[in-house]
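Engineer: So here's upload_15.pdb, just PDB, C-alpha atoms:
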MODEL        1
ATOM      1  CA  THR A 514       2.816 -15.318  20.154
ATOM      2  CA  LYS A 515       0.176 -17.799  18.966
ATOM      3  CA  THR A 516      -1.812 -17.577  15.760
ATOM      4  CA  LYS A 517      -4.950 -18.472  17.712
ATOM      5  CA  GLN A 518      -4.489 -15.278  19.761
ATOM      6  CA  ALA A 519      -3.930 -13.266  16.589
ATOM      7  CA  VAL A 520      -7.165 -14.617  15.092
ATOM      8  CA  THR A 521      -9.156 -13.746  18.233
ATOM      9  CA  LEU A 522      -7.635 -10.243  18.178
ATOM     10  CA  MET A 523      -8.582  -9.778  14.509
ATOM     11  CA  LYS A 524     -12.113 -10.978  15.206
ATOM     12  CA  ALA A 525     -12.404  -8.671  18.227
ATOM     13  CA  ILE A 526     -11.535  -5.567  16.216
ATOM     14  CA  GLY A 527     -13.564  -6.690  13.182
ATOM     15  CA  ALA A 528     -10.621  -7.230  10.848
ATOM     16  CA  TYR A 529     -10.929 -10.969  10.313
ATOM     17  CA  ASP A 530     -13.390 -10.451   7.437
ATOM     18  CA  ASP A 531     -10.555  -8.863   5.439
ATOM     19  CA  VAL A 532      -8.318 -11.847   6.209
ATOM     20  CA  GLU A 533     -11.023 -14.204   4.935
ATOM     21  CA  LYS A 534     -11.496 -12.028   1.846
ATOM     22  CA  ALA A 535      -7.772 -12.231   1.088
ATOM     23  CA  LYS A 536      -7.752 -15.969   1.721
ATOM     24  CA  GLU A 537     -10.638 -16.591  -0.680
ATOM     25  CA  SER A 538      -9.044 -14.452  -3.397
ATOM     26  CA  ARG A 539      -6.236 -16.927  -4.067
ATOM     27  CA  LYS A 540      -6.368 -17.652  -7.791
ATOM     28  CA  VAL A 541      -4.080 -19.232 -10.359
ATOM     29  CA  ARG A 542      -2.118 -16.568 -12.239
ATOM     30  CA  THR A 543      -2.689 -16.181 -15.966
ATOM     31  CA  GLY A 544       0.215 -16.401 -18.377
ATOM     32  CA  VAL A 545       3.733 -17.772 -18.122
ATOM     33  CA  GLY A 546       4.214 -16.728 -14.481
ATOM     34  CA  LYS A 547       2.805 -20.101 -13.448
ATOM     35  CA  ILE A 548       5.890 -21.810 -14.824
ATOM     36  CA  ARG A 549       8.214 -19.345 -13.081
ATOM     37  CA  ASN A 550       7.195 -20.200  -9.501
ATOM     38  CA  ARG A 551       4.604 -17.418  -9.292
ATOM     39  CA  ARG A 552       1.631 -19.721  -9.644
ATOM     40  CA  HIS A 553      -0.902 -17.980  -7.402
ATOM     41  CA  THR A 554      -2.053 -14.398  -6.928
ATOM     42  CA  MET A 555      -3.774 -13.131  -3.806
ATOM     43  CA  ARG A 556      -5.229  -9.876  -2.536
ATOM     44  CA  LYS A 557      -3.504  -7.819   0.109
ATOM     45  CA  GLY A 558      -5.077  -8.019   3.532
ATOM     46  CA  PRO A 559      -4.660  -5.798   6.590
ATOM     47  CA  LEU A 560      -1.310  -4.195   7.389
ATOM     48  CA  VAL A 561      -0.216  -4.574  11.019
ATOM     49  CA  ILE A 562       2.281  -1.904  12.057
ATOM     50  CA  TYR A 563       4.301  -2.527  15.214
ATOM     51  CA  LYS A 564       7.259  -0.971  17.016
ATOM     52  CA  GLU A 565       8.759  -3.945  18.851
ATOM     53  CA  ASP A 566       8.380  -7.540  17.775
ATOM     54  CA  ASN A 567       7.360  -9.433  20.895
ATOM     55  CA  GLY A 568       6.307 -12.541  18.989
ATOM     56  CA  ILE A 569       3.891 -10.577  16.806
ATOM     57  CA  THR A 570       5.504 -11.757  13.543
ATOM     58  CA  LYS A 571       5.244 -15.396  14.570
ATOM     59  CA  ALA A 572       1.609 -14.950  15.549
ATOM     60  CA  PHE A 573       0.517 -13.280  12.306
ATOM     61  CA  ARG A 574       2.767 -15.019   9.770
ATOM     62  CA  ASN A 575       0.296 -17.834   9.062
ATOM     63  CA  LEU A 576      -2.645 -15.521   8.348
ATOM     64  CA  PRO A 577      -3.060 -15.124   4.578
ATOM     65  CA  GLY A 578      -2.873 -11.600   3.215
ATOM     66  CA  VAL A 579      -1.763 -10.002   6.498
ATOM     67  CA  THR A 580       1.442  -7.990   6.171
ATOM     68  CA  LEU A 581       3.584  -7.048   9.170
ATOM     69  CA  LEU A 582       5.696  -3.915   9.156
ATOM     70  CA  ASN A 583       7.976  -2.213  11.619
ATOM     71  CA  VAL A 584       7.100   1.464  12.054
ATOM     72  CA  SER A 585      10.679   2.535  11.304
ATOM     73  CA  ARG A 586      10.592   0.708   7.937
ATOM     74  CA  MET A 587       7.298   2.147   6.751
ATOM     75  CA  ASN A 588       7.095   3.186   3.092
ATOM     76  CA  LEU A 589       4.531   4.047   0.486
ATOM     77  CA  LEU A 590       4.684   0.668  -1.251
ATOM     78  CA  HIS A 591       3.321  -0.991   1.877
ATOM     79  CA  LEU A 592       0.782   1.705   2.719
ATOM     80  CA  ALA A 593      -0.605   2.015  -0.820
ATOM     81  CA  PRO A 594       0.226  -1.132  -2.815
ATOM     82  CA  GLY A 595      -0.193  -0.643  -6.530
ATOM     83  CA  GLY A 596      -0.778   3.077  -6.011
ATOM     84  CA  HIS A 597      -4.213   2.474  -4.488
ATOM     85  CA  LEU A 598      -4.740   4.529  -1.350
ATOM     86  CA  GLY A 599      -6.763   3.356   1.619
ATOM     87  CA  ARG A 600      -5.196   0.132   2.837
ATOM     88  CA  PHE A 601      -6.583  -1.137   6.134
ATOM     89  CA  CYS A 602      -3.839  -0.514   8.723
ATOM     90  CA  ILE A 603      -3.822  -1.833  12.281
ATOM     91  CA  TRP A 604      -1.467   0.111  14.541
ATOM     92  CA  THR A 605      -0.094  -1.027  17.857
ATOM     93  CA  GLU A 606      -0.102   1.691  20.497
ATOM     94  CA  PRO A 607       3.727   1.967  20.767
ATOM     95  CA  ALA A 608       3.973   2.201  16.967
ATOM     96  CA  PHE A 609       1.482   5.048  16.883
ATOM     97  CA  LYS A 610       3.408   6.878  19.602
ATOM     98  CA  ALA A 611       6.685   6.283  17.732
ATOM     99  CA  LEU A 612       5.387   8.306  14.789
ATOM    100  CA  GLY A 613       6.035  11.441  16.854
ATOM    101  CA  GLU A 614       9.687  10.455  17.162
ATOM    102  CA  ILE A 615      10.053   9.575  13.487
ATOM    103  CA  TYR A 616       8.179  12.656  12.201
ATOM    104  CA  PRO A 617       8.458  15.509  14.718
ATOM    105  CA  SER A 618       5.637  18.024  14.330
ATOM    106  CA  ASN A 619       7.858  20.678  12.763
ATOM    107  CA  ILE A 620       9.160  18.485   9.912
ATOM    108  CA  LEU A 621       6.072  16.624   8.727
ATOM    109  CA  PRO A 622       6.108  15.683   5.043
ATOM    110  CA  ARG A 623       4.473  18.481   3.056
ATOM    111  CA  ASP A 624       2.624  18.459  -0.240
ATOM    112  CA  MET A 625       4.779  19.251  -3.250
ATOM    113  CA  MET A 626       1.768  20.681  -5.101
ATOM    114  CA  LYS A 627      -1.208  22.532  -3.682
ATOM    115  CA  ASN A 628      -3.448  21.367  -6.528
ATOM    116  CA  ALA A 629      -2.828  17.722  -7.413
ATOM    117  CA  ASP A 630      -5.095  17.734 -10.486
ATOM    118  CA  LEU A 631      -2.319  17.794 -13.083
ATOM    119  CA  THR A 632      -4.540  17.489 -16.175
ATOM    120  CA  ARG A 633      -6.577  20.482 -15.049
ATOM    121  CA  ILE A 634      -3.382  22.513 -14.577
ATOM    122  CA  ILE A 635      -1.994  21.523 -17.994
ATOM    123  CA  ASN A 636      -5.272  22.248 -19.792
ATOM    124  CA  SER A 637      -5.796  25.594 -18.039
ATOM    125  CA  ASP A 638      -5.906  28.753 -20.166
ATOM    126  CA  GLU A 639      -2.830  30.244 -18.472
ATOM    127  CA  ILE A 640      -0.623  27.279 -19.416
ATOM    128  CA  GLN A 641      -2.096  26.719 -22.879
ATOM    129  CA  ARG A 642      -1.519  30.379 -23.759
ATOM    130  CA  VAL A 643       2.270  30.035 -23.380
ATOM    131  CA  VAL A 644       2.738  26.500 -24.703
ATOM    132  CA  ARG A 645       3.701  25.969 -28.350
ATOM    133  CA  PRO A 646       0.987  24.423 -30.504
ATOM    134  CA  ALA A 647       1.264  20.706 -31.139
ATOM    135  CA  LYS A 648       3.138  19.706 -34.293
ATOM    136  CA  ALA A 649       1.184  17.993 -37.030
ATOM    137  CA  GLN A 650       1.746  14.258 -37.172
ATOM    138  CA  ARG A 651       3.939  13.215 -40.099
ATOM    139  CA  ARG A 652       3.005  10.026 -41.873
ATOM    140  CA  PRO A 653       5.948   7.856 -42.825
ATOM    141  CA  ALA A 654       6.566   7.485 -46.561
ATOM    142  CA  ILE A 655       5.905   3.988 -47.797
TER     143      ILE A 655
ENDMDL
END
Render the structure in this file as structure tokens.
Structural biologist:
Amino acid sequence: TKTKQAVTLMKAIGAYDDVEKAKESRKVRTGVGKIRNRRHTMRKGPLVIYKEDNGITKAFRNLPGVTLLNVSRMNLLHLAPGGHLGRFCIWTEPAFKALGEIYPSNILPRDMMKNADLTRIINSDEIQRVVRPAKAQRRPAI
């Protein structure tokens, strides 16, 4: 329940470097956002996923860049902020075990497409053969 314990835990698992990296990335925002109470921007740090809050939110809330998330409220915006995959996630053991309850093995999320390379599919010969040719661009009369 203490931030000091959270820092020692992060150092023990080697995650405190990411906290320092997020802390040092605090910069003044460009543009008008400064006036609108969005003065600073900062990188995202590690994501700590827990099942039960036994003082974990109070311990980690003062660490810059660290995001806390309950396993039942997990979504893609937290796991891949900005659409960038590969966020550093720290799981508590009960949270990892709770995944089996949330996603039973027979109803795991499946891929919608087998091949995710959409440009390759669109530019393939099979698709281009059936697609109408592109219309010529009309220039507006002046």
Engineer: Neighbouring residues of Leu581 (chain A) were defined as those with any atom within 12 Å, considering only C-alpha atoms; residues of the same chain fewer than 6 positions away were excluded. Please report them as a PDB file with C-alpha atoms, in the coordinates of the input.
Structural biologist:
ATOM      1  CA  LYS A 557      -3.504  -7.819   0.109  1.00  0.00           C
ATOM      2  CA  GLY A 558      -5.077  -8.019   3.532  1.00  0.00           C
ATOM      3  CA  PRO A 559      -4.660  -5.798   6.590  1.00  0.00           C
ATOM      4  CA  LEU A 560      -1.310  -4.195   7.389  1.00  0.00           C
ATOM      5  CA  VAL A 561      -0.216  -4.574  11.019  1.00  0.00           C
ATOM      6  CA  ILE A 562       2.281  -1.904  12.057  1.00  0.00           C
ATOM      7  CA  TYR A 563       4.301  -2.527  15.214  1.00  0.00           C
ATOM      8  CA  LYS A 564       7.259  -0.971  17.016  1.00  0.00           C
ATOM      9  CA  GLU A 565       8.759  -3.945  18.851  1.00  0.00           C
ATOM     10  CA  ASP A 566       8.380  -7.540  17.775  1.00  0.00           C
ATOM     11  CA  GLY A 568       6.307 -12.541  18.989  1.00  0.00           C
ATOM     12  CA  ILE A 569       3.891 -10.577  16.806  1.00  0.00           C
ATOM     13  CA  THR A 570       5.504 -11.757  13.543  1.00  0.00           C
ATOM     14  CA  LYS A 571       5.244 -15.396  14.570  1.00  0.00           C
ATOM     15  CA  ALA A 572       1.609 -14.950  15.549  1.00  0.00           C
ATOM     16  CA  PHE A 573       0.517 -13.280  12.306  1.00  0.00           C
ATOM     17  CA  ARG A 574       2.767 -15.019   9.770  1.00  0.00           C
ATOM     18  CA  ASN A 575       0.296 -17.834   9.062  1.00  0.00           C
ATOM     19  CA  MET A 587       7.298   2.147   6.751  1.00  0.00           C
ATOM     20  CA  HIS A 591       3.321  -0.991   1.877  1.00  0.00           C
ATOM     21  CA  LEU A 592       0.782   1.705   2.719  1.00  0.00           C
ATOM     22  CA  CYS A 602      -3.839  -0.514   8.723  1.00  0.00           C
ATOM     23  CA  ILE A 603      -3.822  -1.833  12.281  1.00  0.00           C
ATOM     24  CA  TRP A 604      -1.467   0.111  14.541  1.00  0.00           C
ATOM     25  CA  THR A 605      -0.094  -1.027  17.857  1.00  0.00           C
TER      26      THR A 605
END
Engineer: The PyMOL selection byres ((chain A and resi 540) around 8) - which residues does that actually catch in the file I just gave you? List them as an MDAnalysis selection string.
Structural biologist: chainID A and resid 538:539 541:542 553:555
Engineer: For CA of Ala611 (chain A) and CA of Arg623 (chain A), determine how far apart the two atoms are, in Å to one decimal place.
Structural biologist: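 Going from CA of Ala611 (chain A) over to CA of Arg623 (chain A), I get 19.2 Å.
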Engineer: Report the centre and edge lengths, in Å to one decimal, of an axis-aligned box enclosing every atom of region 548-566 of chain A listed in the file, padded by 8 Å on each side, as AutoDock Vina command-line options.
Structural biologist:
--center_x 1.8 --center_y -11.4 --center_z 2.0 --size_x 30.0 --size_y 36.8 --size_z 49.7
Engineer: One number please: CA of Ser618 (chain A) to CA of Asp630 (chain A), in Å, one decimal.
Structural biologist: 27.0 Å
Engineer: Would you mind reading off the distance between CA of Asn583 (chain A) and CA of Leu612 (chain A), one decimal, in Å?
Structural biologist: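 Those two atoms sit 11.3 Å apart.
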Engineer: Just the residues within 12 Å of Val520 (chain A), please, counting all atoms listed in the file, with nothing from its chain fewer than 4 positions along; format it as a PyMOL selection string.
Structural biologist: chain A and resi 514-516+524-533+569+572-577+579
Engineer: Determine the nearest neighbour of Tyr616 (chain A) from the options A:Ser585, A:Arg642, A:Pro653, A:Lys517, counting all atoms listed in the file.
Structural biologist: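 Ranked by minimum distance to Tyr616 (chain A), first place goes to A:Ser585.
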Engineer: Would you please work out which residue, of A:Thr580, A:Gln650, A:Gln518, A:Asn636, is nearest to Arg556 (chain A) when using only C-alpha atoms?
Structural biologist: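 Result for the nearest residue to Arg556 (chain A): A:Thr580.
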